[in-house]
file upload.cif (mmCIF, C-alpha atoms (C1' of nucleotides))
data_final
#
loop_
_atom_site.label_atom_id
_atom_site.label_comp_id
_atom_site.auth_asym_id
_atom_site.auth_seq_id
_atom_site.Cartn_x
_atom_site.Cartn_y
_atom_site.Cartn_z
CA MET A 1433 -39.33 -62.08 16.47
CA LYS A 1434 -42.32 -59.75 16.43
CA GLY A 1435 -42.90 -60.43 20.10
CA GLU A 1436 -39.33 -59.39 20.81
CA ARG A 1437 -39.78 -56.14 18.88
CA THR A 1438 -42.93 -55.35 20.84
CA ARG A 1439 -41.14 -56.14 24.06
CA GLN A 1440 -38.29 -53.78 23.18
CA SER A 1441 -40.65 -50.92 22.33
CA ILE A 1442 -42.54 -51.46 25.58
CA LEU A 1443 -39.27 -51.29 27.50
CA GLU A 1444 -38.02 -48.18 25.73
CA HIS A 1445 -41.21 -46.43 26.71
CA ALA A 1446 -41.07 -47.86 30.22
CA VAL A 1447 -37.54 -46.52 30.69
CA ASN A 1448 -38.64 -43.03 29.66
CA ILE A 1449 -41.62 -43.03 32.00
CA ALA A 1450 -39.54 -44.40 34.88
CA SER A 1451 -36.82 -41.79 34.42
CA LEU A 1452 -39.46 -39.09 34.94
CA GLU A 1453 -41.84 -40.64 37.44
CA GLY A 1454 -39.74 -43.32 39.10
CA LEU A 1455 -39.75 -47.09 38.77
CA GLU A 1456 -42.62 -47.35 41.24
CA GLY A 1457 -44.57 -44.65 39.42
CA LEU A 1458 -44.46 -46.84 36.34
CA THR A 1459 -47.86 -48.59 36.09
CA ILE A 1460 -48.96 -51.29 33.70
CA GLY A 1461 -52.26 -49.51 32.99
CA ARG A 1462 -50.65 -46.26 31.95
CA LEU A 1463 -47.96 -47.98 29.91
CA ALA A 1464 -50.61 -50.03 28.05
CA ASP A 1465 -52.71 -46.93 27.46
CA GLU A 1466 -49.87 -44.92 25.95
CA LEU A 1467 -48.80 -47.83 23.75
CA LYS A 1468 -52.42 -48.51 22.75
CA MET A 1469 -52.29 -52.05 24.00
CA SER A 1470 -54.49 -53.89 26.45
CA LYS A 1471 -53.14 -54.19 29.96
CA SER A 1472 -53.19 -57.98 29.84
CA GLY A 1473 -51.51 -58.07 26.43
CA LEU A 1474 -48.64 -56.01 27.78
CA PHE A 1475 -48.61 -57.88 31.06
CA ALA A 1476 -48.14 -61.20 29.21
CA HIS A 1477 -44.66 -60.09 28.13
CA PHE A 1478 -43.43 -59.94 31.71
CA GLY A 1479 -45.59 -61.97 34.07
CA SER A 1480 -45.39 -59.58 36.99
CA LYS A 1481 -44.80 -55.94 37.67
CA GLU A 1482 -41.48 -56.72 39.30
CA GLU A 1483 -40.28 -58.53 36.17
CA LEU A 1484 -41.32 -55.51 34.11
CA GLN A 1485 -39.33 -53.26 36.44
CA LEU A 1486 -36.28 -55.52 36.31
CA ALA A 1487 -36.45 -55.61 32.51
CA THR A 1488 -36.77 -51.81 32.54
CA ILE A 1489 -33.58 -51.52 34.60
CA GLU A 1490 -31.76 -53.82 32.18
CA SER A 1491 -32.98 -51.80 29.19
CA ALA A 1492 -31.85 -48.57 30.86
CA ARG A 1493 -28.46 -50.15 31.58
CA GLU A 1494 -28.00 -50.98 27.90
CA ARG A 1495 -28.95 -47.46 26.86
CA PHE A 1496 -26.52 -46.02 29.41
CA ILE A 1497 -23.64 -48.23 28.29
CA GLU A 1498 -24.20 -47.43 24.61
CA SER A 1499 -24.40 -43.73 25.37
CA VAL A 1500 -21.57 -43.23 27.85
CA PHE A 1501 -19.32 -46.20 28.37
CA ARG A 1502 -18.82 -47.74 24.93
CA PRO A 1503 -17.93 -44.47 23.18
CA ALA A 1504 -15.33 -43.76 25.89
CA LEU A 1505 -13.56 -47.03 25.12
CA LYS A 1506 -12.46 -45.50 21.81
CA ALA A 1507 -10.21 -43.09 23.70
CA GLU A 1508 -6.68 -44.22 24.60
CA ARG A 1509 -6.18 -46.04 27.88
CA GLY A 1510 -5.26 -43.81 30.79
CA TYR A 1511 -5.93 -40.13 31.22
CA PRO A 1512 -7.66 -39.67 27.83
CA ARG A 1513 -10.17 -42.45 28.53
CA LEU A 1514 -10.89 -41.20 32.04
CA MET A 1515 -11.60 -37.76 30.60
CA ALA A 1516 -13.76 -39.30 27.87
CA ILE A 1517 -15.86 -41.03 30.51
CA CYS A 1518 -16.37 -37.74 32.36
CA ARG A 1519 -17.17 -35.70 29.26
CA GLY A 1520 -19.40 -38.49 28.03
CA TRP A 1521 -21.37 -38.62 31.24
CA LEU A 1522 -22.05 -34.91 31.29
CA ALA A 1523 -22.96 -34.92 27.58
CA TYR A 1524 -25.38 -37.77 28.23
CA VAL A 1525 -27.29 -35.63 30.71
CA LYS A 1526 -27.18 -32.60 28.40
CA LYS A 1527 -28.46 -34.63 25.42
CA GLY A 1528 -31.35 -35.95 27.51
CA VAL A 1529 -30.64 -39.62 26.81
CA PHE A 1530 -33.24 -40.22 29.53
CA PRO A 1531 -35.94 -37.55 29.60
CA GLY A 1532 -35.83 -37.19 33.39
CA GLY A 1533 -32.03 -37.01 33.70
CA CYS A 1534 -29.86 -39.92 34.76
CA PHE A 1535 -32.08 -42.98 35.21
CA PHE A 1536 -29.69 -44.58 37.68
CA ALA A 1537 -29.21 -41.54 39.87
CA ALA A 1538 -33.00 -41.38 40.26
CA ALA A 1539 -33.36 -45.14 40.74
CA SER A 1540 -30.52 -45.21 43.29
CA PHE A 1541 -32.22 -42.64 45.51
CA GLU A 1542 -35.65 -44.20 44.98
CA PHE A 1543 -34.61 -47.67 46.13
CA ASP A 1544 -31.79 -47.14 48.59
CA GLY A 1545 -34.24 -47.57 51.45
CA ARG A 1546 -36.25 -50.49 50.03
CA PRO A 1547 -34.63 -53.92 50.27
CA GLY A 1548 -35.50 -56.41 47.55
CA PRO A 1549 -34.64 -57.53 44.02
CA LEU A 1550 -35.08 -54.08 42.49
CA ARG A 1551 -32.70 -52.47 44.91
CA ASP A 1552 -30.24 -55.31 44.32
CA ALA A 1553 -30.44 -54.89 40.54
CA ILE A 1554 -29.82 -51.15 40.76
CA ALA A 1555 -26.94 -51.65 43.20
CA THR A 1556 -25.36 -54.20 40.85
CA VAL A 1557 -25.46 -51.76 37.92
CA MET A 1558 -24.04 -48.96 40.05
CA ASP A 1559 -21.30 -51.17 41.52
CA ALA A 1560 -20.21 -52.11 38.00
CA TRP A 1561 -20.25 -48.48 36.92
CA ILE A 1562 -18.19 -47.22 39.86
CA ASP A 1563 -15.84 -50.12 39.23
CA SER A 1564 -15.42 -48.96 35.62
CA ILE A 1565 -14.39 -45.52 36.84
CA GLU A 1566 -11.97 -47.06 39.33
CA LYS A 1567 -10.43 -49.16 36.57
CA ALA A 1568 -10.04 -46.10 34.34
CA VAL A 1569 -8.26 -44.33 37.21
CA ALA A 1570 -6.01 -47.33 37.84
CA MET A 1571 -5.11 -47.50 34.13
CA ALA A 1572 -4.22 -43.81 34.14
CA GLN A 1573 -1.87 -44.55 37.04
CA GLU A 1574 -0.36 -47.56 35.24
CA GLU A 1575 0.23 -45.46 32.15
CA GLY A 1576 2.05 -42.94 34.30
CA HIS A 1577 -0.50 -40.19 33.71
CA LEU A 1578 -1.82 -39.90 37.24
CA ASP A 1579 -0.30 -39.74 40.70
CA ARG A 1580 -0.20 -43.24 42.23
CA ASP A 1581 -0.86 -41.86 45.71
CA ILE A 1582 -4.55 -41.39 45.08
CA GLU A 1583 -6.69 -44.44 45.79
CA PRO A 1584 -8.80 -45.27 42.70
CA ALA A 1585 -11.88 -45.83 44.89
CA GLN A 1586 -11.49 -42.37 46.40
CA LEU A 1587 -11.18 -40.60 43.05
CA ALA A 1588 -14.03 -42.65 41.55
CA PHE A 1589 -16.18 -41.67 44.53
CA GLU A 1590 -15.43 -37.99 43.95
CA ILE A 1591 -16.05 -38.12 40.21
CA ASN A 1592 -19.35 -39.94 40.64
CA ALA A 1593 -20.41 -37.47 43.33
CA LEU A 1594 -19.82 -34.60 40.91
CA PHE A 1595 -21.91 -36.42 38.28
CA PHE A 1596 -24.82 -36.80 40.68
CA GLY A 1597 -24.43 -33.22 41.91
CA ALA A 1598 -24.51 -32.02 38.31
CA ASN A 1599 -27.63 -34.04 37.55
CA PHE A 1600 -29.31 -32.60 40.66
CA SER A 1601 -28.49 -28.96 39.92
CA TYR A 1602 -29.32 -29.33 36.25
CA GLN A 1603 -32.62 -31.17 36.65
CA LEU A 1604 -34.11 -29.74 39.83
CA ARG A 1605 -32.58 -26.31 40.12
CA GLY A 1606 -32.41 -25.67 36.38
CA ASP A 1607 -28.82 -24.49 36.73
CA ARG A 1608 -27.58 -24.27 33.15
CA LYS A 1609 -24.01 -24.00 34.41
CA ALA A 1610 -24.24 -27.22 36.44
CA LEU A 1611 -22.55 -29.42 33.84
CA GLU A 1612 -19.71 -26.95 33.33
CA ARG A 1613 -19.29 -26.64 37.09
CA ALA A 1614 -18.88 -30.39 37.40
CA MET A 1615 -16.38 -30.46 34.53
CA GLU A 1616 -14.43 -27.61 36.07
CA ALA A 1617 -14.23 -29.43 39.40
CA ILE A 1618 -13.19 -32.69 37.76
CA GLU A 1619 -10.53 -30.98 35.66
CA ALA A 1620 -9.14 -29.14 38.67
CA ARG A 1621 -8.97 -32.36 40.66
CA LEU A 1622 -7.39 -34.41 37.86
CA GLU A 1623 -4.96 -31.62 37.01
CA SER A 1624 -3.79 -31.59 40.63
CA LEU A 1625 -3.03 -35.32 40.33
CA ARG A 1626 -1.61 -35.30 36.83
CA ILE A 1627 1.90 -36.37 35.96
CA VAL A 1628 3.00 -34.53 32.85
CA THR A 1629 6.08 -36.03 31.22
CA PRO A 1630 8.29 -33.71 29.16
CA THR A 1631 7.67 -35.67 25.93
CA ARG A 1632 3.93 -35.48 26.38
CA GLN A 1633 4.11 -31.78 27.00
CA LEU A 1634 6.13 -31.24 23.86
CA ARG A 1635 3.64 -33.21 21.83
CA ARG A 1636 0.81 -31.10 23.24
CA VAL A 1637 2.55 -27.83 22.44
CA ARG A 1638 3.29 -28.91 18.90
CA ARG A 1639 -0.30 -29.95 18.24
CA MET B 1249 -53.68 -27.76 71.21
CA LYS B 1250 -54.34 -31.48 71.18
CA GLY B 1251 -55.11 -31.34 67.48
CA GLU B 1252 -51.76 -29.68 66.91
CA ARG B 1253 -49.94 -32.39 68.86
CA THR B 1254 -51.67 -35.09 66.83
CA ARG B 1255 -50.77 -33.27 63.65
CA GLN B 1256 -47.12 -33.09 64.65
CA SER B 1257 -46.93 -36.78 65.46
CA ILE B 1258 -48.58 -37.63 62.14
CA LEU B 1259 -46.00 -35.53 60.34
CA GLU B 1260 -43.03 -37.00 62.17
CA HIS B 1261 -44.18 -40.43 61.12
CA ALA B 1262 -44.91 -39.24 57.59
CA VAL B 1263 -41.39 -37.85 57.25
CA ASN B 1264 -39.88 -41.17 58.30
CA ILE B 1265 -42.00 -43.15 55.85
CA ALA B 1266 -41.31 -40.71 53.02
CA SER B 1267 -37.55 -40.81 53.59
CA LEU B 1268 -37.66 -44.58 53.03
CA GLU B 1269 -40.40 -44.99 50.43
CA GLY B 1270 -40.60 -41.59 48.81
CA LEU B 1271 -43.16 -38.82 49.09
CA GLU B 1272 -45.38 -40.54 46.54
CA GLY B 1273 -45.04 -43.87 48.33
CA LEU B 1274 -46.55 -42.20 51.38
CA THR B 1275 -50.24 -43.19 51.52
CA ILE B 1276 -52.94 -41.99 53.84
CA GLY B 1277 -54.21 -45.51 54.45
CA ARG B 1278 -50.85 -46.84 55.58
CA LEU B 1279 -50.11 -43.79 57.69
CA ALA B 1280 -53.50 -44.09 59.43
CA ASP B 1281 -52.97 -47.79 60.00
CA GLU B 1282 -49.56 -47.38 61.62
CA LEU B 1283 -50.83 -44.56 63.81
CA LYS B 1284 -53.98 -46.50 64.70
CA MET B 1285 -56.25 -43.80 63.41
CA SER B 1286 -59.03 -43.90 60.87
CA LYS B 1287 -58.13 -42.71 57.40
CA SER B 1288 -60.72 -39.96 57.47
CA GLY B 1289 -59.65 -38.80 60.93
CA LEU B 1290 -56.09 -38.36 59.70
CA PHE B 1291 -57.23 -36.91 56.40
CA ALA B 1292 -59.19 -34.18 58.20
CA HIS B 1293 -55.90 -32.66 59.41
CA PHE B 1294 -54.77 -31.89 55.89
CA GLY B 1295 -57.67 -31.82 53.44
CA SER B 1296 -55.81 -33.42 50.55
CA LYS B 1297 -52.89 -35.71 49.94
CA GLU B 1298 -50.91 -32.87 48.40
CA GLU B 1299 -51.35 -30.76 51.54
CA LEU B 1300 -50.14 -33.71 53.60
CA GLN B 1301 -47.09 -34.02 51.36
CA LEU B 1302 -46.36 -30.28 51.56
CA ALA B 1303 -46.66 -30.38 55.36
CA THR B 1304 -44.34 -33.40 55.37
CA ILE B 1305 -41.71 -31.44 53.40
CA GLU B 1306 -42.01 -28.55 55.85
CA SER B 1307 -41.64 -30.89 58.83
CA ALA B 1308 -38.56 -32.49 57.24
CA ARG B 1309 -37.11 -29.04 56.58
CA GLU B 1310 -37.45 -28.15 60.26
CA ARG B 1311 -35.80 -31.41 61.32
CA PHE B 1312 -32.96 -30.80 58.86
CA ILE B 1313 -32.35 -27.23 60.03
CA GLU B 1314 -32.34 -28.24 63.69
CA SER B 1315 -29.98 -31.10 62.97
CA VAL B 1316 -27.48 -29.53 60.58
CA PHE B 1317 -27.80 -25.82 60.08
CA ARG B 1318 -28.57 -24.38 63.51
CA PRO B 1319 -25.75 -26.21 65.33
CA ALA B 1320 -23.29 -24.95 62.72
CA LEU B 1321 -24.19 -21.34 63.48
CA LYS B 1322 -22.45 -21.78 66.83
CA ALA B 1323 -19.12 -22.02 65.03
CA GLU B 1324 -17.27 -18.80 64.21
CA ARG B 1325 -18.01 -17.10 60.92
CA GLY B 1326 -15.71 -18.08 58.07
CA TYR B 1327 -13.72 -21.25 57.65
CA PRO B 1328 -14.79 -22.79 61.01
CA ARG B 1329 -18.48 -22.41 60.23
CA LEU B 1330 -18.07 -23.78 56.71
CA MET B 1331 -16.32 -26.83 58.16
CA ALA B 1332 -19.03 -27.17 60.83
CA ILE B 1333 -21.68 -27.29 58.11
CA CYS B 1334 -19.78 -30.03 56.28
CA ARG B 1335 -19.08 -32.12 59.38
CA GLY B 1336 -22.66 -31.56 60.53
CA TRP B 1337 -24.10 -32.77 57.24
CA LEU B 1338 -22.09 -35.97 57.23
CA ALA B 1339 -22.88 -36.60 60.91
CA TYR B 1340 -26.57 -36.13 60.16
CA VAL B 1341 -26.46 -38.98 57.65
CA LYS B 1342 -24.41 -41.15 59.99
CA LYS B 1343 -26.81 -40.55 62.90
CA GLY B 1344 -29.77 -41.52 60.73
CA VAL B 1345 -31.75 -38.34 61.41
CA PHE B 1346 -34.00 -39.62 58.62
CA PRO B 1347 -34.18 -43.41 58.49
CA GLY B 1348 -33.74 -43.54 54.71
CA GLY B 1349 -30.82 -41.12 54.51
CA CYS B 1350 -31.13 -37.49 53.48
CA PHE B 1351 -34.83 -36.73 52.94
CA PHE B 1352 -34.08 -33.90 50.53
CA ALA B 1353 -31.61 -35.81 48.39
CA ALA B 1354 -34.27 -38.48 47.87
CA ALA B 1355 -37.06 -35.93 47.33
CA SER B 1356 -34.93 -33.95 44.87
CA PHE B 1357 -34.39 -36.96 42.65
CA GLU B 1358 -37.98 -38.12 43.06
CA PHE B 1359 -39.53 -34.83 41.90
CA ASP B 1360 -37.00 -33.30 39.53
CA GLY B 1361 -39.03 -34.60 36.58
CA ARG B 1362 -42.51 -33.82 37.91
CA PRO B 1363 -43.62 -30.20 37.69
CA GLY B 1364 -46.04 -28.98 40.35
CA PRO B 1365 -46.28 -27.60 43.89
CA LEU B 1366 -44.31 -30.48 45.44
CA ARG B 1367 -41.38 -30.03 43.12
CA ASP B 1368 -41.51 -26.27 43.74
CA ALA B 1369 -41.50 -26.76 47.52
CA ILE B 1370 -38.50 -29.11 47.36
CA ALA B 1371 -36.64 -26.78 45.01
CA THR B 1372 -37.26 -23.85 47.36
CA VAL B 1373 -35.78 -25.75 50.32
CA MET B 1374 -32.77 -26.82 48.27
CA ASP B 1375 -32.21 -23.34 46.85
CA ALA B 1376 -32.16 -21.95 50.39
CA TRP B 1377 -29.76 -24.67 51.50
CA ILE B 1378 -27.31 -24.17 48.63
CA ASP B 1379 -27.55 -20.46 49.30
CA SER B 1380 -26.57 -21.07 52.93
CA ILE B 1381 -23.45 -22.90 51.78
CA GLU B 1382 -22.63 -20.09 49.35
CA LYS B 1383 -22.99 -17.53 52.12
CA ALA B 1384 -20.70 -19.55 54.38
CA VAL B 1385 -18.11 -19.64 51.59
CA ALA B 1386 -18.46 -15.89 50.98
CA MET B 1387 -18.01 -15.20 54.70
CA ALA B 1388 -14.87 -17.32 54.75
CA GLN B 1389 -13.56 -15.17 51.92
CA GLU B 1390 -14.51 -11.95 53.71
CA GLU B 1391 -12.75 -13.14 56.85
CA GLY B 1392 -9.63 -13.75 54.77
CA HIS B 1393 -9.71 -17.52 55.32
CA LEU B 1394 -10.36 -18.56 51.75
CA ASP B 1395 -9.07 -17.61 48.31
CA ARG B 1396 -11.30 -14.92 46.79
CA ASP B 1397 -10.78 -16.33 43.31
CA ILE B 1398 -13.19 -19.20 43.85
CA GLU B 1399 -16.80 -18.39 43.04
CA PRO B 1400 -18.99 -19.24 46.08
CA ALA B 1401 -21.58 -20.88 43.81
CA GLN B 1402 -18.90 -23.17 42.34
CA LEU B 1403 -17.58 -24.29 45.71
CA ALA B 1404 -21.10 -24.71 47.12
CA PHE B 1405 -21.93 -26.86 44.10
CA GLU B 1406 -18.92 -29.08 44.74
CA ILE B 1407 -19.58 -29.44 48.46
CA ASN B 1408 -23.22 -30.32 47.91
CA ALA B 1409 -22.25 -32.83 45.22
CA LEU B 1410 -19.95 -34.57 47.69
CA PHE B 1411 -22.79 -34.67 50.24
CA PHE B 1412 -25.12 -36.33 47.74
CA GLY B 1413 -22.40 -38.69 46.57
CA ALA B 1414 -21.74 -39.67 50.19
CA ASN B 1415 -25.43 -40.30 50.82
CA PHE B 1416 -25.61 -42.46 47.69
CA SER B 1417 -22.56 -44.59 48.49
CA TYR B 1418 -23.52 -44.92 52.13
CA GLN B 1419 -27.19 -45.80 51.62
CA LEU B 1420 -27.24 -47.82 48.40
CA ARG B 1421 -23.77 -49.30 48.20
CA GLY B 1422 -23.32 -49.72 51.94
CA ASP B 1423 -19.88 -48.14 51.71
CA ARG B 1424 -18.90 -47.52 55.31
CA LYS B 1425 -16.06 -45.29 54.16
CA ALA B 1426 -18.34 -43.04 52.10
CA LEU B 1427 -18.67 -40.32 54.72
CA GLU B 1428 -14.92 -40.24 55.34
CA ARG B 1429 -14.29 -40.13 51.60
CA ALA B 1430 -16.51 -37.07 51.26
CA MET B 1431 -14.81 -35.37 54.21
CA GLU B 1432 -11.39 -36.14 52.75
CA ALA B 1433 -12.38 -34.63 49.39
CA ILE B 1434 -13.87 -31.54 51.02
CA GLU B 1435 -10.82 -31.02 53.22
CA ALA B 1436 -8.46 -31.40 50.26
CA ARG B 1437 -10.47 -28.89 48.25
CA LEU B 1438 -10.77 -26.34 51.05
CA GLU B 1439 -7.13 -26.74 51.97
CA SER B 1440 -6.13 -25.96 48.38
CA LEU B 1441 -8.11 -22.71 48.61
CA ARG B 1442 -7.22 -21.79 52.15
CA ILE B 1443 -4.26 -19.46 51.82
CA VAL B 1444 -3.09 -17.72 48.68
CA THR B 1445 0.66 -18.22 48.53
CA PRO B 1446 2.83 -16.11 46.21
CA THR B 1447 3.82 -19.24 44.25
CA ARG B 1448 0.22 -20.12 43.61
CA GLN B 1449 -0.55 -16.62 42.40
CA LEU B 1450 2.36 -16.62 40.00
CA ARG B 1451 1.27 -19.89 38.49
CA ARG B 1452 -2.25 -18.54 38.06
CA VAL B 1453 -1.12 -15.32 36.44
CA ARG B 1454 1.04 -17.14 33.95
CA ARG B 1455 -1.81 -19.34 32.78
"C1'" DC C 1123 -62.11 -37.78 65.72
"C1'" DC C 1124 -65.46 -41.98 63.85
"C1'" DT C 1125 -68.27 -45.41 60.44
"C1'" DA C 1126 -69.68 -46.15 56.09
"C1'" DC C 1127 -69.26 -45.25 51.77
"C1'" DC C 1128 -67.78 -43.59 46.62
"C1'" DG C 1129 -65.45 -44.07 41.83
"C1'" DA C 1130 -60.98 -44.90 39.98
"C1'" DT C 1131 -57.06 -47.43 39.53
"C1'" DC C 1132 -53.82 -50.83 41.09
"C1'" DG C 1133 -51.57 -55.68 39.91
"C1'" DG C 1134 -53.09 -59.82 38.34
"C1'" DT C 1135 -56.18 -63.89 36.28
"C1'" DA C 1136 -59.44 -66.71 33.24
"C1'" DG C 1137 -60.41 -68.02 28.96
"C1'" DG C 1138 -59.96 -67.50 24.32
"C1'" DC D 34 -52.52 -60.35 21.54
"C1'" DC D 35 -57.87 -59.55 23.28
"C1'" DT D 36 -62.34 -58.97 26.56
"C1'" DA D 37 -64.02 -59.47 30.85
"C1'" DC D 38 -63.28 -59.85 35.18
"C1'" DC D 39 -61.19 -60.20 40.40
"C1'" DG D 40 -59.96 -58.30 45.26
"C1'" DA D 41 -57.30 -54.70 47.25
"C1'" DT D 42 -56.15 -50.17 47.77
"C1'" DC D 43 -56.02 -45.48 46.30
"C1'" DG D 44 -57.68 -40.39 47.48
"C1'" DG D 45 -61.66 -38.42 48.96
"C1'" DT D 46 -66.74 -37.52 50.87
"C1'" DA D 47 -71.16 -37.67 53.75
"C1'" DG D 48 -72.89 -37.43 57.97
"C1'" DG D 49 -72.35 -37.57 62.60
#
call {"tool": "encode", "arguments": {"input": "upload.cif", "output": "structure tokens"}}
result
Amino acid sequence: MKGERTRQSILEHAVNIASLEGLEGLTIGRLADELKMSKSGLFAHFGSKEELQLATIESARERFIESVFRPALKAERGYPRLMAICRGWLAYVKKGVFPGGCFFAAASFEFDGRPGPLRDAIATVMDAWIDSIEKAVAMAQEEGHLDRDIEPAQLAFEINALFFGANFSYQLRGDRKALERAMEAIEARLESLRIVTPTRQLRRVRR
Amino acid sequence: MKGERTRQSILEHAVNIASLEGLEGLTIGRLADELKMSKSGLFAHFGSKEELQLATIESARERFIESVFRPALKAERGYPRLMAICRGWLAYVKKGVFPGGCFFAAASFEFDGRPGPLRDAIATVMDAWIDSIEKAVAMAQEEGHLDRDIEPAQLAFEINALFFGANFSYQLRGDRKALERAMEAIEARLESLRIVTPTRQLRRVRR
DNA sequence: CCTACCGATCGGTAGG
DNA sequence: CCTACCGATCGGTAGG
């Protein structure tokens, strides 16, 4: 039990370091120092640096899901949930859920040229995430909220690109408007694909 | 003269390594090994690792400009040049001008959380690049090819986001359609802004 | 451009 | 969880 608590606090710290300095910039010595543990004591929790990195990715995945994906599931299927995902993602960057911006955007670019288990783990998380966006798009089409002509994979690609572009402009360029720019682009794109039924419009006007 | 040639060949190799493993993953020992030089012989060209990294960024910038920006200047001002920039960027990823995908996308995400001269150098290159896109948009508006209502900074943001999203999907996810998806999104967006029809204006005014 | 070094830090191990 | 250690590699220097 206590070992598990220690392990969790190590990983929370590891995720924060990695989001700023990269997963390769994460070193056991520094992590132990900052947590006032011995290197070997910390090391014993994982067995190898790669296992530590894999556990760090998994911890980051959980934090991401709790912060962005799970809250969005409270919104109604279809257009509202798709919008909740988008607003949630931008809010997650603004809130600084990871101190260095989106952990997975950084990890994706860090490992896209390095084959191995770390790259595979990151790709698996990202595949699942893009798939979640695609599913939200498909649901919006099924509910009759969104034009069926658009391929879910295409729209998911575009939405994710605007997320990454927002993270880039916000974190590197310090563009305070970056998150609003992304939202504006997403809204314009979704609006152009939206199917507004008369009943729905009436309900909106009355509200 | 000969020293300069050696320096250039060191930097070309350094750029390739850094595009795959990151600017921090670039080490003097490995670089010297692969170039069959002594560490200290290579080191003497730069004086410090940071100077090597800064020179690597500058070398990558030159390669990028020669590959993407300068060819696009041959296209006519306005819409054609803006399209040439977009096609050129996607072709540059497809051709593998840098073996690990876009050097500056990777460097941006690697250093956005690490203040210092390297981050500043990368930010300066990216600011200039985004500015080039903005200028191309503004010219297209001046030439009467593009709706003047769109803010150049907004459209440049969107185009760059689609570039980064394409690089991500292509490099990490291995999505062969990624570059076409980005082009499709860019074309759809530009097409929607291309000519201001009376109908469109009416709808806008009413809002 | 080289050989021969330096102290610091890396991931990891032995033994408790 | 610790101390005490290992070989390898890091950026960098001295001297030629």
call {"tool": "resolve_selection", "arguments": {"input": "upload.cif", "expression": "the PyMOL selection byres ((chain B) within 9 of (chain C))", "output": "PyMOL selection string"}}
result
chain B and resi 1285-1286+1288-1290+1292
call {"tool": "closest_atom_pairs", "arguments": {"input": "upload.cif", "of": "chain A", "to": "chain B", "cutoff": "6 Å", "atoms": "all atoms listed in the file", "output": "tab-separated table"}}
result
residue	atom	partner	partner_atom	distance
A:Leu1452	CA	B:Gly1361	CA	4.8
A:Gly1532	CA	B:Gly1361	CA	5.2
A:Ala1538	CA	B:Phe1357	CA	5.2
A:Phe1541	CA	B:Ala1354	CA	5.2
A:Asp1544	CA	B:Leu1420	CA	4.6
A:Gly1545	CA	B:Leu1268	CA	4.8
A:Ala1593	CA	B:Gly1413	CA	4.0
A:Leu1594	CA	B:Ala1409	CA	5.3
A:Gly1597	CA	B:Ala1409	CA	4.0
A:Gln1603	CA	B:Asp1360	CA	5.7
A:Leu1604	CA	B:Asp1360	CA	4.6
call {"tool": "calpha_fit_rmsd", "arguments": {"input": "upload.cif", "fixed": "chain A", "moving": "chain B"}}
result
5.5 Å
call {"tool": "resolve_selection", "arguments": {"input": "upload.cif", "expression": "the PyMOL selection byres ((chain A and resi 1505-1516) around 8)", "output": "PDB file with C-alpha atoms, keeping the file's coordinate frame"}}
result
ATOM      1  CA  PHE A1501     -19.320 -46.200  28.370  1.00  0.00           C
ATOM      2  CA  ARG A1502     -18.820 -47.740  24.930  1.00  0.00           C
ATOM      3  CA  PRO A1503     -17.930 -44.470  23.180  1.00  0.00           C
ATOM      4  CA  ALA A1504     -15.330 -43.760  25.890  1.00  0.00           C
ATOM      5  CA  ILE A1517     -15.860 -41.030  30.510  1.00  0.00           C
ATOM      6  CA  CYS A1518     -16.370 -37.740  32.360  1.00  0.00           C
ATOM      7  CA  ARG A1519     -17.170 -35.700  29.260  1.00  0.00           C
ATOM      8  CA  GLY A1520     -19.400 -38.490  28.030  1.00  0.00           C
ATOM      9  CA  ILE A1565     -14.390 -45.520  36.840  1.00  0.00           C
ATOM     10  CA  ALA A1568     -10.040 -46.100  34.340  1.00  0.00           C
ATOM     11  CA  VAL A1569      -8.260 -44.330  37.210  1.00  0.00           C
ATOM     12  CA  ALA A1570      -6.010 -47.330  37.840  1.00  0.00           C
ATOM     13  CA  MET A1571      -5.110 -47.500  34.130  1.00  0.00           C
ATOM     14  CA  ALA A1572      -4.220 -43.810  34.140  1.00  0.00           C
ATOM     15  CA  GLN A1573      -1.870 -44.550  37.040  1.00  0.00           C
ATOM     16  CA  GLU A1574      -0.360 -47.560  35.240  1.00  0.00           C
ATOM     17  CA  GLU A1575       0.230 -45.460  32.150  1.00  0.00           C
ATOM     18  CA  HIS A1577      -0.500 -40.190  33.710  1.00  0.00           C
ATOM     19  CA  LEU A1578      -1.820 -39.900  37.240  1.00  0.00           C
TER      20      LEU A1578
END
call {"tool": "atom_distance", "arguments": {"input": "upload.cif", "atom1": "atom CA of A:Ser1564", "atom2": "atom CA of B:Arg1424"}}
result
20.0 Å
call {"tool": "atom_distance", "arguments": {"input": "upload.cif", "atom1": "atom CA of A:Lys1434", "atom2": "atom CA of A:Arg1493"}}
result
22.7 Å
call {"tool": "resolve_selection", "arguments": {"input": "upload.cif", "expression": "the PyMOL selection byres ((chain A and resi 1438) around 12)", "output": "count of residues only"}}
result
23
call {"tool": "atom_distance", "arguments": {"input": "upload.cif", "atom1": "atom CA of B:Ser1315", "atom2": "atom CA of B:Lys1343"}}
result
10.0 Å
call {"tool": "residues_around", "arguments": {"input": "upload.cif", "residues": "A:Glu1490", "least_positions_apart": "6", "cutoff": "10 Å", "atoms": "all atoms listed in the file", "output": "VMD selection string"}}
result
chain A and resid 1443 1447 1484 1496 1553 to 1554 1557
